[in-house]
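What follows is the content of target07.cif, which has mmCIF, C-alpha atoms and all ligand atoms:
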data_model
#
loop_
_atom_site.label_atom_id
_atom_site.label_comp_id
_atom_site.auth_asym_id
_atom_site.auth_seq_id
_atom_site.Cartn_x
_atom_site.Cartn_y
_atom_site.Cartn_z
CA MET A 467 -27.91 17.31 -18.22
CA PHE A 468 -24.23 16.62 -17.51
CA ASP A 469 -24.08 15.54 -13.86
CA LYS A 470 -20.66 13.98 -13.27
CA THR A 471 -18.53 15.20 -10.38
CA THR A 472 -14.92 14.33 -9.62
CA TRP A 473 -13.35 15.15 -6.26
CA ILE A 474 -9.66 14.23 -6.17
CA ARG A 475 -8.04 14.30 -2.75
CA LEU A 476 -4.25 14.44 -2.78
CA PRO A 477 -1.46 15.23 -0.32
CA ARG A 478 -0.42 18.88 -0.51
CA ASN A 479 3.28 18.44 0.32
CA VAL A 480 5.29 15.41 -0.74
CA LEU A 481 8.95 15.43 0.30
CA VAL A 482 11.20 12.62 -0.91
CA GLY A 483 14.96 12.64 -0.42
CA HIS A 484 18.04 12.29 1.74
CA GLY A 485 17.52 13.73 5.22
CA VAL A 486 14.06 15.21 4.57
CA LEU A 487 12.95 13.90 7.98
CA ASP A 488 14.53 17.07 9.38
CA GLN A 489 12.06 19.10 7.28
CA THR A 490 8.95 17.45 8.73
CA VAL A 491 8.10 20.42 10.96
CA GLU A 492 8.59 22.83 8.04
CA ALA A 493 6.41 20.69 5.73
CA VAL A 494 3.69 20.63 8.40
CA SER A 495 3.90 24.35 9.24
CA GLU A 496 3.01 25.15 5.60
CA LEU A 497 -0.30 23.34 6.08
CA HIS A 498 -1.48 25.83 8.72
CA LEU A 499 -2.75 23.09 11.03
CA GLN A 500 -3.99 24.06 14.47
CA GLY A 501 -3.17 22.40 17.80
CA ARG A 502 -0.74 19.80 19.10
CA PRO A 503 0.67 17.02 16.93
CA LEU A 504 0.17 13.44 18.11
CA VAL A 505 2.91 11.18 16.74
CA VAL A 506 1.56 7.65 16.10
CA THR A 507 4.27 5.04 15.78
CA SER A 508 5.32 1.43 16.50
CA PRO A 509 8.40 0.12 18.37
CA THR A 510 11.14 0.04 15.68
CA PRO A 511 10.03 3.14 13.75
CA ARG A 512 9.92 4.96 17.09
CA GLU A 513 13.66 4.42 17.48
CA VAL A 514 14.42 4.97 13.82
CA ALA A 515 12.51 8.21 13.28
CA ALA A 516 9.56 9.06 15.56
CA GLU A 517 11.58 10.25 18.57
CA ARG A 518 13.51 12.57 16.25
CA VAL A 519 10.32 13.94 14.72
CA ALA A 520 8.80 14.51 18.18
CA ALA A 521 11.98 16.28 19.34
CA ASP A 522 11.83 18.59 16.31
CA PHE A 523 8.20 19.48 17.07
CA GLU A 524 9.22 20.10 20.70
CA ALA A 525 12.04 22.39 19.61
CA ALA A 526 9.58 24.31 17.44
CA GLY A 527 7.32 24.82 20.49
CA ASP A 528 4.53 22.58 19.16
CA ASP A 529 4.18 20.49 22.36
CA PRO A 530 3.91 17.03 20.69
CA ALA A 531 2.52 13.86 22.27
CA ILE A 532 3.52 10.35 21.19
CA VAL A 533 1.59 7.07 21.18
CA GLU A 534 3.04 3.65 20.33
CA ILE A 535 0.92 0.85 18.88
CA GLU A 536 1.96 -2.78 18.43
CA SER A 537 -0.66 -4.31 16.14
CA ALA A 538 -2.73 -3.37 13.11
CA SER A 539 -6.13 -3.69 14.75
CA PHE A 540 -9.27 -1.70 15.53
CA GLU A 541 -8.23 -1.75 19.21
CA SER A 542 -5.12 0.17 18.19
CA VAL A 543 -7.21 2.67 16.20
CA GLN A 544 -9.48 3.07 19.23
CA ARG A 545 -6.54 3.60 21.56
CA VAL A 546 -5.07 6.30 19.32
CA ILE A 547 -8.47 8.05 19.16
CA GLU A 548 -8.66 8.01 22.97
CA VAL A 549 -5.13 9.36 23.40
CA ALA A 550 -5.79 12.04 20.75
CA ARG A 551 -8.86 13.19 22.72
CA GLU A 552 -6.98 13.08 26.05
CA VAL A 553 -4.12 15.24 24.78
CA ASP A 554 -6.41 17.39 22.62
CA ALA A 555 -4.41 16.65 19.46
CA GLY A 556 -4.93 18.96 16.48
CA TYR A 557 -3.55 16.47 13.97
CA LEU A 558 -1.76 13.11 13.79
CA VAL A 559 1.66 12.21 12.38
CA GLY A 560 2.00 8.53 11.44
CA VAL A 561 5.65 7.42 11.58
CA GLY A 562 6.38 3.83 10.57
CA GLY A 563 5.51 1.08 8.13
CA GLY A 564 2.01 0.45 6.84
CA LYS A 565 0.77 -0.48 10.31
CA ALA A 566 1.49 2.83 12.08
CA ILE A 567 0.48 4.89 9.06
CA ASP A 568 -2.83 3.07 8.56
CA ILE A 569 -3.69 3.37 12.26
CA ALA A 570 -2.97 7.12 12.11
CA LYS A 571 -4.99 7.35 8.87
CA MET A 572 -8.03 5.53 10.26
CA ALA A 573 -7.92 7.36 13.62
CA SER A 574 -7.61 10.80 12.00
CA ASP A 575 -10.53 9.91 9.71
CA ASP A 576 -12.66 9.19 12.75
CA LEU A 577 -11.46 12.27 14.65
CA GLY A 578 -11.92 14.54 11.63
CA THR A 579 -8.33 15.81 11.96
CA GLY A 580 -5.74 15.60 9.21
CA PHE A 581 -2.67 13.40 9.31
CA VAL A 582 0.85 13.41 7.96
CA SER A 583 2.55 10.24 6.67
CA VAL A 584 6.20 9.66 7.53
CA PRO A 585 7.05 6.20 6.12
CA THR A 586 10.06 4.34 7.50
CA ALA A 587 9.52 1.48 5.03
CA ALA A 588 8.68 1.62 1.29
CA SER A 589 6.61 -1.53 1.71
CA HIS A 590 3.37 -0.74 -0.19
CA ASP A 591 1.38 2.10 -1.69
CA GLY A 592 -0.86 2.56 1.40
CA ILE A 593 1.80 4.91 2.77
CA VAL A 594 0.57 7.63 0.39
CA SER A 595 -2.97 6.63 -0.54
CA GLY A 596 -6.46 7.60 0.53
CA ARG A 597 -7.15 3.97 1.45
CA GLY A 598 -7.01 2.51 4.94
CA SER A 599 -6.64 -1.17 5.70
CA VAL A 600 -7.10 -2.61 9.18
CA PRO A 601 -8.30 -6.22 9.48
CA GLU A 602 -11.86 -6.47 10.78
CA GLY A 603 -13.60 -9.84 10.90
CA ASP A 604 -13.15 -11.37 7.47
CA THR A 605 -12.48 -8.04 5.77
CA ARG A 606 -8.90 -7.57 4.62
CA HIS A 607 -9.19 -5.11 1.72
CA SER A 608 -8.82 -1.34 2.04
CA VAL A 609 -11.63 1.15 2.57
CA ALA A 610 -11.82 4.82 1.62
CA ALA A 611 -10.13 7.20 4.06
CA GLU A 612 -8.64 10.68 3.83
CA PRO A 613 -5.19 10.69 2.22
CA PRO A 614 -2.29 12.24 4.15
CA LEU A 615 -2.02 16.03 4.06
CA ALA A 616 1.72 15.62 3.59
CA VAL A 617 4.18 12.77 3.01
CA VAL A 618 7.76 12.97 4.27
CA ALA A 619 9.80 10.06 2.87
CA ASP A 620 13.43 10.16 3.93
CA THR A 621 15.41 7.97 1.54
CA GLU A 622 18.28 7.62 4.04
CA ILE A 623 15.88 5.88 6.45
CA LEU A 624 14.07 3.90 3.76
CA ALA A 625 17.35 2.60 2.30
CA ASP A 626 18.38 1.43 5.76
CA ALA A 627 15.14 -0.53 6.39
CA PRO A 628 15.18 -4.33 5.85
CA TRP A 629 15.50 -4.94 2.10
CA ARG A 630 12.50 -7.30 2.02
CA LEU A 631 10.23 -4.35 2.88
CA THR A 632 11.45 -2.49 -0.23
CA THR A 633 11.09 -5.53 -2.49
CA ALA A 634 7.52 -5.85 -1.18
CA GLY A 635 6.88 -2.22 -2.22
CA CYS A 636 8.28 -2.99 -5.68
CA ALA A 637 5.98 -6.00 -6.09
CA ASP A 638 2.97 -3.93 -4.97
CA ILE A 639 3.75 -1.50 -7.82
CA ILE A 640 4.32 -4.28 -10.39
CA SER A 641 0.83 -5.55 -9.51
CA ASN A 642 -0.59 -2.45 -11.19
CA TYR A 643 -0.15 -4.30 -14.50
CA THR A 644 -2.78 -6.91 -13.75
CA ALA A 645 -4.90 -4.54 -11.66
CA VAL A 646 -5.36 -2.27 -14.68
CA LYS A 647 -6.08 -5.25 -16.98
CA ASP A 648 -8.78 -6.37 -14.53
CA TRP A 649 -10.17 -2.85 -14.32
CA ARG A 650 -10.43 -2.63 -18.13
CA LEU A 651 -12.09 -6.04 -18.24
CA ALA A 652 -14.59 -4.99 -15.56
CA ASN A 653 -15.30 -1.81 -17.50
CA ARG A 654 -16.03 -3.75 -20.70
CA LEU A 655 -18.01 -6.59 -19.15
CA GLN A 656 -19.67 -4.89 -16.18
CA ASN A 657 -19.64 -1.20 -17.11
CA VAL A 658 -17.51 -0.45 -14.04
CA GLU A 659 -16.45 3.22 -14.00
CA TYR A 660 -12.99 3.54 -15.51
CA SER A 661 -10.49 6.39 -15.65
CA HIS A 662 -8.00 6.46 -18.54
CA TYR A 663 -5.79 8.98 -16.70
CA SER A 664 -5.62 6.90 -13.57
CA ALA A 665 -5.04 3.64 -15.47
CA ALA A 666 -2.31 5.19 -17.63
CA LEU A 667 -0.52 6.55 -14.56
CA ALA A 668 -0.74 3.21 -12.72
CA GLU A 669 0.55 1.27 -15.76
CA MET A 670 3.35 3.73 -16.45
CA THR A 671 4.43 3.49 -12.81
CA ALA A 672 4.70 -0.30 -13.08
CA GLU A 673 6.51 -0.05 -16.42
CA MET A 674 9.09 2.38 -15.06
CA LEU A 675 9.79 0.12 -12.15
CA VAL A 676 10.14 -3.00 -14.30
CA GLY A 677 12.31 -1.02 -16.74
CA ASN A 678 14.60 -0.11 -13.84
CA ALA A 679 14.51 -3.55 -12.17
CA ASP A 680 18.24 -4.10 -12.85
CA SER A 681 19.21 -0.94 -10.99
CA ILE A 682 17.04 -1.56 -7.90
CA LYS A 683 19.60 -2.88 -5.44
CA GLN A 684 19.97 -3.31 -1.73
CA GLY A 685 21.99 -0.60 -0.03
CA LEU A 686 21.50 1.93 -2.83
CA GLU A 687 19.65 4.99 -1.59
CA GLU A 688 18.69 5.79 -5.17
CA SER A 689 16.69 2.54 -5.26
CA ALA A 690 14.64 3.68 -2.27
CA TRP A 691 14.08 6.96 -4.14
CA VAL A 692 12.82 5.16 -7.29
CA VAL A 693 10.51 2.89 -5.28
CA VAL A 694 9.00 5.58 -3.08
CA LYS A 695 8.36 7.88 -6.04
CA ALA A 696 6.55 4.99 -7.72
CA LEU A 697 4.51 4.40 -4.55
CA VAL A 698 3.52 8.07 -4.59
CA SER A 699 2.39 7.80 -8.24
CA SER A 700 0.41 4.68 -7.44
CA GLY A 701 -1.28 6.49 -4.54
CA VAL A 702 -2.11 9.42 -6.84
CA ALA A 703 -3.59 6.99 -9.40
CA MET A 704 -5.90 5.64 -6.68
CA SER A 705 -6.87 9.18 -5.68
CA ILE A 706 -7.73 10.04 -9.29
CA ALA A 707 -9.81 6.85 -9.57
CA GLY A 708 -11.47 7.38 -6.19
CA SER A 709 -10.88 3.66 -5.56
CA SER A 710 -8.03 1.13 -5.35
CA ARG A 711 -8.94 -0.24 -8.81
CA PRO A 712 -5.75 0.97 -10.60
CA ALA A 713 -3.59 -0.81 -8.01
CA SER A 714 -5.69 -3.77 -6.92
CA GLY A 715 -7.16 -6.58 -9.01
CA ALA A 716 -7.19 -10.38 -8.85
CA GLU A 717 -3.62 -10.50 -7.46
CA HIS A 718 -4.78 -8.46 -4.44
CA LEU A 719 -7.87 -10.66 -3.96
CA PHE A 720 -5.46 -13.62 -3.81
CA SER A 721 -3.27 -11.83 -1.23
CA HIS A 722 -6.27 -10.83 0.91
CA GLN A 723 -7.46 -14.45 0.83
CA LEU A 724 -4.01 -15.60 2.01
CA ASP A 725 -4.27 -13.04 4.85
CA ARG A 726 -7.52 -14.69 5.89
CA MET A 727 -6.10 -18.20 5.74
CA VAL A 728 -2.54 -17.70 7.03
CA PRO A 729 -2.34 -14.22 8.63
CA ASP A 730 1.12 -12.61 8.68
CA ALA A 731 2.68 -15.51 6.73
CA ALA A 732 4.29 -13.11 4.23
CA LEU A 733 4.37 -9.40 3.41
CA HIS A 734 1.45 -7.86 1.51
CA GLY A 735 3.58 -6.88 -1.50
CA HIS A 736 5.27 -10.28 -1.73
CA GLN A 737 1.93 -12.13 -1.80
CA VAL A 738 0.58 -9.67 -4.34
CA GLY A 739 3.67 -10.21 -6.54
CA VAL A 740 3.12 -13.97 -6.71
CA GLY A 741 -0.58 -13.28 -7.40
CA THR A 742 0.46 -11.00 -10.28
CA VAL A 743 2.38 -13.83 -11.99
CA VAL A 744 -0.73 -16.06 -11.92
CA ALA A 745 -3.16 -13.25 -12.87
CA GLU A 746 -0.95 -12.22 -15.81
CA TYR A 747 -0.93 -15.87 -16.96
CA LEU A 748 -4.75 -15.96 -16.76
CA HIS A 749 -4.88 -12.78 -18.85
CA GLY A 750 -2.68 -14.48 -21.46
CA GLY A 751 0.03 -11.86 -20.92
CA ASP A 752 3.80 -11.86 -20.41
CA TRP A 753 3.84 -13.60 -17.00
CA ARG A 754 7.45 -14.70 -17.58
CA GLY A 755 8.52 -11.05 -17.87
CA ILE A 756 6.77 -10.21 -14.61
CA LYS A 757 8.29 -13.20 -12.88
CA GLN A 758 11.73 -12.21 -14.15
CA ALA A 759 11.34 -8.62 -12.92
CA LEU A 760 10.27 -9.82 -9.45
CA ALA A 761 13.20 -12.26 -9.33
CA THR A 762 15.67 -9.57 -10.43
CA ILE A 763 14.53 -7.33 -7.59
CA GLY A 764 14.69 -10.22 -5.13
CA ALA A 765 10.95 -10.56 -4.46
CA PRO A 766 9.41 -14.05 -4.06
CA THR A 767 7.94 -15.73 -7.14
CA THR A 768 6.90 -19.08 -5.63
CA ALA A 769 4.80 -20.42 -2.76
CA ALA A 770 7.96 -21.83 -1.18
CA GLU A 771 9.68 -18.44 -1.27
CA LEU A 772 6.61 -16.93 0.39
CA GLY A 773 6.86 -19.63 3.06
CA ILE A 774 3.33 -20.78 2.28
CA GLU A 775 2.21 -24.36 1.51
CA ASP A 776 1.34 -25.15 -2.13
CA GLU A 777 -2.12 -26.40 -1.05
CA THR A 778 -2.83 -23.08 0.69
CA VAL A 779 -1.90 -21.15 -2.45
CA VAL A 780 -4.23 -23.31 -4.55
CA ALA A 781 -7.05 -22.95 -2.01
CA ALA A 782 -6.53 -19.15 -1.93
CA LEU A 783 -6.76 -19.00 -5.73
CA THR A 784 -10.07 -20.87 -5.73
CA ALA A 785 -11.63 -18.64 -3.03
CA ALA A 786 -10.08 -15.25 -3.93
CA HIS A 787 -13.11 -14.07 -5.95
CA GLU A 788 -15.21 -14.14 -2.74
CA ILE A 789 -13.15 -11.43 -1.04
CA ARG A 790 -15.21 -8.51 -2.27
CA ASP A 791 -17.52 -7.37 -5.02
CA ARG A 792 -14.77 -6.65 -7.57
CA TYR A 793 -14.92 -8.16 -11.05
CA THR A 794 -11.57 -9.52 -12.23
CA ILE A 795 -10.11 -12.21 -14.49
CA LEU A 796 -11.10 -14.68 -11.75
CA GLY A 797 -14.74 -14.19 -12.78
CA ASN A 798 -16.94 -16.44 -10.66
CA GLY A 799 -13.92 -18.32 -9.39
CA MET A 800 -11.34 -20.89 -10.44
CA ASN A 801 -11.93 -24.54 -9.75
CA GLU A 802 -9.19 -26.55 -8.09
CA ASP A 803 -7.89 -28.17 -11.30
CA ALA A 804 -7.61 -24.79 -13.03
CA ALA A 805 -5.86 -23.29 -10.00
CA ILE A 806 -3.34 -26.14 -9.91
CA GLU A 807 -2.76 -25.86 -13.64
CA ALA A 808 -2.12 -22.09 -13.47
CA ALA A 809 0.10 -22.35 -10.39
CA GLU A 810 2.12 -25.27 -11.85
CA THR A 811 2.52 -23.75 -15.31
CA THR A 812 3.84 -20.50 -13.85
CA GLY A 813 6.08 -22.38 -11.43
CA VAL A 814 4.39 -20.83 -8.42
CA ILE A 815 3.98 -24.33 -6.96
N1 LIG A 901 -3.70 1.22 3.16
C1 LIG A 901 -3.45 0.32 2.27
O1 LIG A 901 -3.82 0.42 1.10
C2 LIG A 901 -2.68 -0.89 2.65
C3 LIG A 901 -2.41 -1.15 3.96
N2 LIG A 901 -1.74 -2.27 4.34
C4 LIG A 901 -1.51 -2.49 5.78
O2 LIG A 901 -0.18 -2.17 6.11
C5 LIG A 901 0.31 -3.06 7.08
C6 LIG A 901 1.54 -3.75 6.59
O3 LIG A 901 2.51 -2.79 6.30
P1 LIG A 901 4.04 -3.11 6.47
O4 LIG A 901 4.80 -1.85 6.22
O5 LIG A 901 4.40 -4.30 5.69
O6 LIG A 901 4.09 -3.57 7.99
P2 LIG A 901 4.58 -2.95 9.36
O7 LIG A 901 4.20 -1.54 9.52
O8 LIG A 901 4.12 -3.92 10.39
O9 LIG A 901 6.16 -3.03 9.21
C7 LIG A 901 6.79 -4.27 8.96
C8 LIG A 901 7.93 -4.52 9.94
O10 LIG A 901 8.99 -3.63 9.64
C9 LIG A 901 9.40 -2.93 10.81
N3 LIG A 901 9.93 -1.64 10.35
C10 LIG A 901 9.27 -0.58 9.83
N4 LIG A 901 10.16 0.35 9.45
C11 LIG A 901 11.39 -0.12 9.76
C12 LIG A 901 12.72 0.38 9.60
N5 LIG A 901 12.96 1.57 9.04
N6 LIG A 901 13.75 -0.39 10.05
C13 LIG A 901 13.53 -1.61 10.60
N7 LIG A 901 12.31 -2.14 10.75
C14 LIG A 901 11.24 -1.40 10.33
C15 LIG A 901 8.17 -2.90 11.68
O11 LIG A 901 8.55 -2.77 13.04
P3 LIG A 901 7.45 -2.68 14.23
O12 LIG A 901 6.94 -4.09 14.41
O13 LIG A 901 8.19 -2.21 15.40
O14 LIG A 901 6.37 -1.79 13.72
C16 LIG A 901 7.55 -4.27 11.39
O15 LIG A 901 8.15 -5.26 12.18
C17 LIG A 901 -0.81 -4.03 7.39
O16 LIG A 901 -1.45 -3.54 8.54
C18 LIG A 901 -1.71 -3.93 6.18
O17 LIG A 901 -3.05 -4.18 6.47
C19 LIG A 901 -1.24 -3.14 3.41
C20 LIG A 901 -1.46 -2.88 2.09
C21 LIG A 901 -2.20 -1.77 1.60
O1 LIG A 902 -3.01 -2.58 -1.49
C1 LIG A 902 -3.69 -1.84 -2.16
C2 LIG A 902 -3.19 -1.29 -3.44
O2 LIG A 902 -1.86 -1.63 -3.66
C3 LIG A 902 -5.07 -1.53 -1.75
O3 LIG A 902 -5.86 -2.47 -2.36
P1 LIG A 902 -7.13 -3.13 -1.68
O4 LIG A 902 -8.26 -2.13 -1.83
O5 LIG A 902 -7.37 -4.38 -2.43
O6 LIG A 902 -6.81 -3.37 -0.23
ZN ZN A 903 -1.25 -3.40 -2.44
#

Output the structure of this file as structure tokens.
Amino acid sequence: MFDKTTWIRLPRNVLVGHGVLDQTVEAVSELHLQGRPLVVTSPTPREVAAERVAADFEAAGDDPAIVEIESASFESVQRVIEVAREVDAGYLVGVGGGKAIDIAKMASDDLGTGFVSVPTAASHDGIVSGRGSVPEGDTRHSVAAEPPLAVVADTEILADAPWRLTTAGCADIISNYTAVKDWRLANRLQNVEYSHYSAALAEMTAEMLVGNADSIKQGLEESAWVVVKALVSSGVAMSIAGSSRPASGAEHLFSHQLDRMVPDAALHGHQVGVGTVVAEYLHGGDWRGIKQALATIGAPTTAAELGIEDETVVAALTAAHEIRDRYTILGNGMNEDAAIEAAETTGVI
């Protein structure tokens, strides 16, 4: 008997463009949500966008509440849950970078309410995905969570955000190349479930970004548009897969290991980009092309540019396979000599 089931959860409304922040209330009203909105934000995004969003809800008679978090932690998730209960929130609106959005995502998952994602930085594909990532103990990788009901990505705001956040988003997309190679390898060697549709979408997204690398430039709103659309596609690929496989392979294991060893040393996407250069080399692929694309965009390609010691990068490469049960080109791990050889050959150290 055929007994396969696929349940793909996707956002219903995705708005990307100049000034769409002003359409947040309209995008939400189409979702027929009940109750008060609770806007979840962090200090800078509050000034940049969240106060405006709250004022628009107020003007529409929706009686919004607002909560500001400082750190990406389970304490923050807990605080948002408590505030949501106190104010009897019907749904959450995450306004900010990955931190505010992930806290809103994880809290709404626990509360059983929906949430809306309003990114102020195009820094990684978590801003649209059904994956939540909040550090807990030694765990750094994402876990399944409900995706946003709607995404409102205002390119005017995203283009104005620090450029390094956008280059991190670009590198997170470019990492789909090696993530998909690892996924295919795991499918062949370990019979890991694989989706051709999801893999094709993730690869195409990376290819389009690399193909447009020359035109992705600081200060150009169109660049923010290209990057955020790619982040949406990457999020959709993960939703189709029902896992982060199409967007996370060995390069992400390396980045998560760096997060364990030197927390907050560099942005997620930047670490992942450097990991992609090494992983592509291990796959025997065009690592020079990937390195060139990252450099063209202005993303780091070396340990020094990440601001991380060479020895730490080598140690992270040798321990990355221990991050989670995910088969990749790292297999049962690299030894130190192999890690040094790969990092030196690719010019990462
Ligand atoms: N769900 C997933 O799949 C993934 C989730 N993550 C998570 O996302 C988080 C990292 O996301 P990231 O976006 O890099 O980090 P943050 O949300 O911390 O944002 C980075 C910095 O940019 C500031 N900022 C945000 N928007 C603007 C803006 N428009 N103008 C000026 N400054 C701005 C923030 O200010 P302020 O400090 O005031 O907030 C912060 O200082 C981590 O918690 C990580 O675990 C990472 C990868 C994947
Ligand atoms: O960052 C992600 C995809 O870009 C999520 O991947 P992880 O599941 O490895 O955290
Ligand atoms: Zn990522």

When you look at Tyr660 (chain A) with a cut-off of 12 Å (counting only C-alpha atoms), what residues show up, excluding the ones that are within fewer than 6 positions of it in the same chain? I need them as a PyMOL selection string. chain A and resi 646-654+666+703-704+706-712

Selection to disk with C-alpha atoms, as an mmCIF file, keeping the file's coordinate frame:
data_model
loop_
_atom_site.group_PDB
_atom_site.id
_atom_site.type_symbol
_atom_site.label_atom_id
_atom_site.label_comp_id
_atom_site.auth_asym_id
_atom_site.auth_seq_id
_atom_site.Cartn_x
_atom_site.Cartn_y
_atom_site.Cartn_z
ATOM 1 C CA VAL A 646 -5.360 -2.270 -14.680
ATOM 2 C CA LYS A 647 -6.080 -5.250 -16.980
ATOM 3 C CA ASP A 648 -8.780 -6.370 -14.530
ATOM 4 C CA TRP A 649 -10.170 -2.850 -14.320
ATOM 5 C CA ARG A 650 -10.430 -2.630 -18.130
ATOM 6 C CA LEU A 651 -12.090 -6.040 -18.240
ATOM 7 C CA ALA A 652 -14.590 -4.990 -15.560
ATOM 8 C CA ASN A 653 -15.300 -1.810 -17.500
ATOM 9 C CA ARG A 654 -16.030 -3.750 -20.700
ATOM 10 C CA ALA A 666 -2.310 5.190 -17.630
ATOM 11 C CA ALA A 703 -3.590 6.990 -9.400
ATOM 12 C CA MET A 704 -5.900 5.640 -6.680
ATOM 13 C CA ILE A 706 -7.730 10.040 -9.290
ATOM 14 C CA ALA A 707 -9.810 6.850 -9.570
ATOM 15 C CA GLY A 708 -11.470 7.380 -6.190
ATOM 16 C CA SER A 709 -10.880 3.660 -5.560
ATOM 17 C CA SER A 710 -8.030 1.130 -5.350
ATOM 18 C CA ARG A 711 -8.940 -0.240 -8.810
ATOM 19 C CA PRO A 712 -5.750 0.970 -10.600
#

Let me see if you get this right: every residue at most 6 Å from ligand LIG 901 (chain A), counting all atoms listed in the file, written as a PDB file with C-alpha atoms, in the frame of the given file.
ATOM      1  CA  SER A 508       5.320   1.430  16.500  1.00  0.00           C
ATOM      2  CA  PRO A 509       8.400   0.120  18.370  1.00  0.00           C
ATOM      3  CA  THR A 510      11.140   0.040  15.680  1.00  0.00           C
ATOM      4  CA  PRO A 511      10.030   3.140  13.750  1.00  0.00           C
ATOM      5  CA  ALA A 538      -2.730  -3.370  13.110  1.00  0.00           C
ATOM      6  CA  GLY A 562       6.380   3.830  10.570  1.00  0.00           C
ATOM      7  CA  GLY A 563       5.510   1.080   8.130  1.00  0.00           C
ATOM      8  CA  GLY A 564       2.010   0.450   6.840  1.00  0.00           C
ATOM      9  CA  LYS A 565       0.770  -0.480  10.310  1.00  0.00           C
ATOM     10  CA  ALA A 566       1.490   2.830  12.080  1.00  0.00           C
ATOM     11  CA  ASP A 568      -2.830   3.070   8.560  1.00  0.00           C
ATOM     12  CA  THR A 586      10.060   4.340   7.500  1.00  0.00           C
ATOM     13  CA  ALA A 587       9.520   1.480   5.030  1.00  0.00           C
ATOM     14  CA  SER A 589       6.610  -1.530   1.710  1.00  0.00           C
ATOM     15  CA  HIS A 590       3.370  -0.740  -0.190  1.00  0.00           C
ATOM     16  CA  GLY A 592      -0.860   2.560   1.400  1.00  0.00           C
ATOM     17  CA  ARG A 597      -7.150   3.970   1.450  1.00  0.00           C
ATOM     18  CA  GLY A 598      -7.010   2.510   4.940  1.00  0.00           C
ATOM     19  CA  SER A 599      -6.640  -1.170   5.700  1.00  0.00           C
ATOM     20  CA  VAL A 600      -7.100  -2.610   9.180  1.00  0.00           C
ATOM     21  CA  SER A 608      -8.820  -1.340   2.040  1.00  0.00           C
ATOM     22  CA  ILE A 623      15.880   5.880   6.450  1.00  0.00           C
ATOM     23  CA  LEU A 624      14.070   3.900   3.760  1.00  0.00           C
ATOM     24  CA  ALA A 627      15.140  -0.530   6.390  1.00  0.00           C
ATOM     25  CA  PRO A 628      15.180  -4.330   5.850  1.00  0.00           C
ATOM     26  CA  LEU A 733       4.370  -9.400   3.410  1.00  0.00           C
ATOM     27  CA  HIS A 734       1.450  -7.860   1.510  1.00  0.00           C
TER      28      HIS A 734
END

List all protein, DNA and RNA residues that have any atom at most 12 Å from ligand ZN 903 (chain A), counting only C-alpha atoms and all ligand atoms, and write the list as a compact mmCIF listing (two decimals) with C-alpha atoms, keeping the file's coordinate frame.
# COMPACT_ATOMS: atom_id res chain seq x y z
CA GLY A 564 2.01 0.45 6.84
CA ALA A 588 8.68 1.62 1.29
CA SER A 589 6.61 -1.53 1.71
CA HIS A 590 3.37 -0.74 -0.19
CA ASP A 591 1.38 2.10 -1.69
CA GLY A 592 -0.86 2.56 1.40
CA ILE A 593 1.80 4.91 2.77
CA VAL A 594 0.57 7.63 0.39
CA SER A 595 -2.97 6.63 -0.54
CA ARG A 597 -7.15 3.97 1.45
CA GLY A 598 -7.01 2.51 4.94
CA SER A 599 -6.64 -1.17 5.70
CA ARG A 606 -8.90 -7.57 4.62
CA HIS A 607 -9.19 -5.11 1.72
CA SER A 608 -8.82 -1.34 2.04
CA ALA A 634 7.52 -5.85 -1.18
CA GLY A 635 6.88 -2.22 -2.22
CA CYS A 636 8.28 -2.99 -5.68
CA ALA A 637 5.98 -6.00 -6.09
CA ASP A 638 2.97 -3.93 -4.97
CA ILE A 639 3.75 -1.50 -7.82
CA ILE A 640 4.32 -4.28 -10.39
CA SER A 641 0.83 -5.55 -9.51
CA ASN A 642 -0.59 -2.45 -11.19
CA THR A 644 -2.78 -6.91 -13.75
CA ALA A 645 -4.90 -4.54 -11.66
CA LEU A 697 4.51 4.40 -4.55
CA SER A 700 0.41 4.68 -7.44
CA GLY A 701 -1.28 6.49 -4.54
CA MET A 704 -5.90 5.64 -6.68
CA SER A 710 -8.03 1.13 -5.35
CA ARG A 711 -8.94 -0.24 -8.81
CA PRO A 712 -5.75 0.97 -10.60
CA ALA A 713 -3.59 -0.81 -8.01
CA SER A 714 -5.69 -3.77 -6.92
CA GLY A 715 -7.16 -6.58 -9.01
CA ALA A 716 -7.19 -10.38 -8.85
CA GLU A 717 -3.62 -10.50 -7.46
CA HIS A 718 -4.78 -8.46 -4.44
CA LEU A 719 -7.87 -10.66 -3.96
CA PHE A 720 -5.46 -13.62 -3.81
CA SER A 721 -3.27 -11.83 -1.23
CA HIS A 722 -6.27 -10.83 0.91
CA LEU A 733 4.37 -9.40 3.41
CA HIS A 734 1.45 -7.86 1.51
CA GLY A 735 3.58 -6.88 -1.50
CA HIS A 736 5.27 -10.28 -1.73
CA GLN A 737 1.93 -12.13 -1.80
CA VAL A 738 0.58 -9.67 -4.34
CA GLY A 739 3.67 -10.21 -6.54
CA GLY A 741 -0.58 -13.28 -7.40
CA THR A 742 0.46 -11.00 -10.28

Give me the residues within 12 Å of region 468-479 of chain A as JSON, numbers by chain, counting all atoms listed in the file and dropping any in the same chain fewer than 3 places off. {"A": [482, 489, 490, 491, 492, 493, 494, 495, 496, 497, 498, 580, 581, 582, 583, 584, 593, 594, 595, 596, 597, 610, 611, 612, 613, 614, 615, 616, 617, 618, 619, 659, 661, 664, 698, 699, 700, 701, 702, 703, 704, 705, 706, 707, 708, 709]}

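If you look at CA of Val814 (chain A) and CA of Leu667 (chain A), they are 28.5 Å away from each other.
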